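Enquirer: Dropping the structure in here first, questions after.
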Amino acid sequence: MTRDQVNESTDWTRGPAKWFAAGVIALGSLACIGADLITDRQPASALVTDGASDAPNHATRIDINTTTAAELELLPRIGPALAKRIIEDRDENGPFESVDDLDRVRGIGPRTLDAIRDYVRTTASPE
């Protein structure tokens, strides 16, 4: 084995080791970017709790009759499309009388309603 062959086999900047190192760095970068994307979205509990405990109180709940689509998206199980449908339903059919009226929106069923019930309220009732 020549001196150049020995150096090439132990030098990480040459040969297969170079590509392996580049792949590890690339995957690490993607993992960091993914973690940033996931953590940029605040949980609904951070938005609507009273700060003293994890239980939301009536004064800090989101009013579904006045809230924006961006605020609705912070709620569990509510994405951009469902938030848009809630706003459209409210504009077309008038304000929600109670939180239970959200079931008139296509895509909101019992499980979604149960998931968001503690985080929302209406102007008409203190649910």
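FYI, nothing fancy with the structure tokens labels: chains A, B, ... in order, residues from 1 per chain, ligands from 1 as they appear.
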Excluding segment 76-90 of chain A and its own-chain neighbours fewer than 2 positions away, which residues fall within 10 Å of it when counting only C-alpha atoms? Please give them as a VMD selection string.
Expert: chain A and resid 43 to 45 64 to 74 92 to 96 102 to 108 111 to 117 119
Enquirer: Just N, CA and C atoms for this one: save the residues we selected as a compact mmCIF listing (two decimals), in the first residue's frame.
Expert:
```
# COMPACT_ATOMS: atom_id res chain seq x y z
N PRO A 43 -49.57 25.94 21.39
CA PRO A 43 -50.75 25.15 21.72
C PRO A 43 -51.89 26.06 22.18
N ALA A 44 -53.09 25.58 22.03
CA ALA A 44 -54.25 26.37 22.44
C ALA A 44 -54.20 26.71 23.91
N SER A 45 -53.64 25.82 24.72
CA SER A 45 -53.59 26.09 26.16
C SER A 45 -52.76 27.32 26.48
N ILE A 64 -65.86 32.54 19.65
CA ILE A 64 -65.96 32.06 18.27
C ILE A 64 -66.76 33.00 17.37
N ASN A 65 -67.44 33.97 17.96
CA ASN A 65 -68.20 34.92 17.16
C ASN A 65 -67.38 36.13 16.74
N THR A 66 -66.19 36.29 17.31
CA THR A 66 -65.38 37.46 16.97
C THR A 66 -63.93 37.11 16.61
N THR A 67 -63.55 35.88 16.77
CA THR A 67 -62.15 35.49 16.57
C THR A 67 -61.76 35.45 15.10
N THR A 68 -60.47 35.45 14.85
CA THR A 68 -59.95 35.36 13.49
C THR A 68 -59.64 33.90 13.15
N ALA A 69 -59.43 33.64 11.87
CA ALA A 69 -59.07 32.29 11.44
C ALA A 69 -57.72 31.88 12.03
N ALA A 70 -56.79 32.81 12.13
CA ALA A 70 -55.47 32.50 12.69
C ALA A 70 -55.58 32.03 14.14
N GLU A 71 -56.44 32.67 14.92
CA GLU A 71 -56.63 32.24 16.31
C GLU A 71 -57.32 30.88 16.37
N LEU A 72 -58.27 30.65 15.49
CA LEU A 72 -58.95 29.35 15.47
C LEU A 72 -57.97 28.22 15.17
N GLU A 73 -56.99 28.48 14.33
CA GLU A 73 -56.02 27.46 13.96
C GLU A 73 -55.14 27.02 15.14
N LEU A 74 -55.10 27.81 16.19
CA LEU A 74 -54.33 27.44 17.37
C LEU A 74 -55.05 26.40 18.22
N GLU A 92 -72.23 33.65 6.98
CA GLU A 92 -73.43 33.31 6.22
C GLU A 92 -74.66 33.10 7.10
N ASN A 93 -74.48 32.49 8.27
CA ASN A 93 -75.62 32.09 9.10
C ASN A 93 -75.76 32.88 10.39
N GLY A 94 -74.92 33.84 10.60
CA GLY A 94 -75.00 34.65 11.81
C GLY A 94 -74.20 34.04 12.94
N PRO A 95 -74.17 34.73 14.08
CA PRO A 95 -73.34 34.28 15.19
C PRO A 95 -73.81 32.95 15.77
N PHE A 96 -72.89 32.26 16.38
CA PHE A 96 -73.19 31.00 17.06
C PHE A 96 -73.84 31.34 18.40
N LEU A 102 -71.36 24.90 16.79
CA LEU A 102 -70.25 24.63 15.88
C LEU A 102 -70.45 23.35 15.09
N ASP A 103 -71.31 22.47 15.58
CA ASP A 103 -71.54 21.21 14.85
C ASP A 103 -72.26 21.43 13.52
N ARG A 104 -72.76 22.64 13.28
CA ARG A 104 -73.37 22.94 11.99
C ARG A 104 -72.31 23.17 10.90
N VAL A 105 -71.05 23.30 11.31
CA VAL A 105 -69.94 23.49 10.37
C VAL A 105 -69.48 22.13 9.88
N ARG A 106 -69.41 21.97 8.55
CA ARG A 106 -68.93 20.71 7.97
C ARG A 106 -67.51 20.43 8.44
N GLY A 107 -67.30 19.25 8.99
CA GLY A 107 -65.98 18.85 9.47
C GLY A 107 -65.84 18.89 10.98
N ILE A 108 -66.82 19.47 11.66
CA ILE A 108 -66.78 19.48 13.12
C ILE A 108 -67.80 18.47 13.62
N ARG A 111 -66.04 14.61 18.33
CA ARG A 111 -64.67 14.55 18.86
C ARG A 111 -63.98 15.91 18.77
N THR A 112 -64.16 16.60 17.66
CA THR A 112 -63.56 17.92 17.52
C THR A 112 -64.19 18.90 18.50
N LEU A 113 -65.50 18.83 18.63
CA LEU A 113 -66.21 19.70 19.56
C LEU A 113 -65.73 19.47 20.99
N ASP A 114 -65.56 18.22 21.39
CA ASP A 114 -65.05 17.92 22.73
C ASP A 114 -63.62 18.43 22.93
N ALA A 115 -62.81 18.37 21.86
CA ALA A 115 -61.42 18.79 21.97
C ALA A 115 -61.28 20.30 22.16
N ILE A 116 -62.21 21.06 21.60
CA ILE A 116 -62.08 22.52 21.67
C ILE A 116 -63.02 23.19 22.68
N ARG A 117 -63.95 22.43 23.22
CA ARG A 117 -64.98 23.01 24.10
C ARG A 117 -64.40 23.84 25.24
N TYR A 119 -61.79 25.59 25.30
CA TYR A 119 -61.00 26.72 24.83
C TYR A 119 -61.81 27.80 24.13
```
Enquirer: Do you have the atom CA of Ser98 of chain A-atom CA of Val120 of chain A distance handy?
Expert: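 Interatomic distance, atom CA of Ser98 of chain A to atom CA of Val120 of chain A: 9.8 Å.
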Enquirer: With distances taken over only C-alpha atoms, which of A:Leu75, A:Leu27, A:Gly109, A:Asp101 is nearest to Thr122 of chain A?
Expert: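 Among A:Leu75, A:Leu27, A:Gly109, A:Asp101, it is A:Asp101 that comes nearest to Thr122 of chain A.
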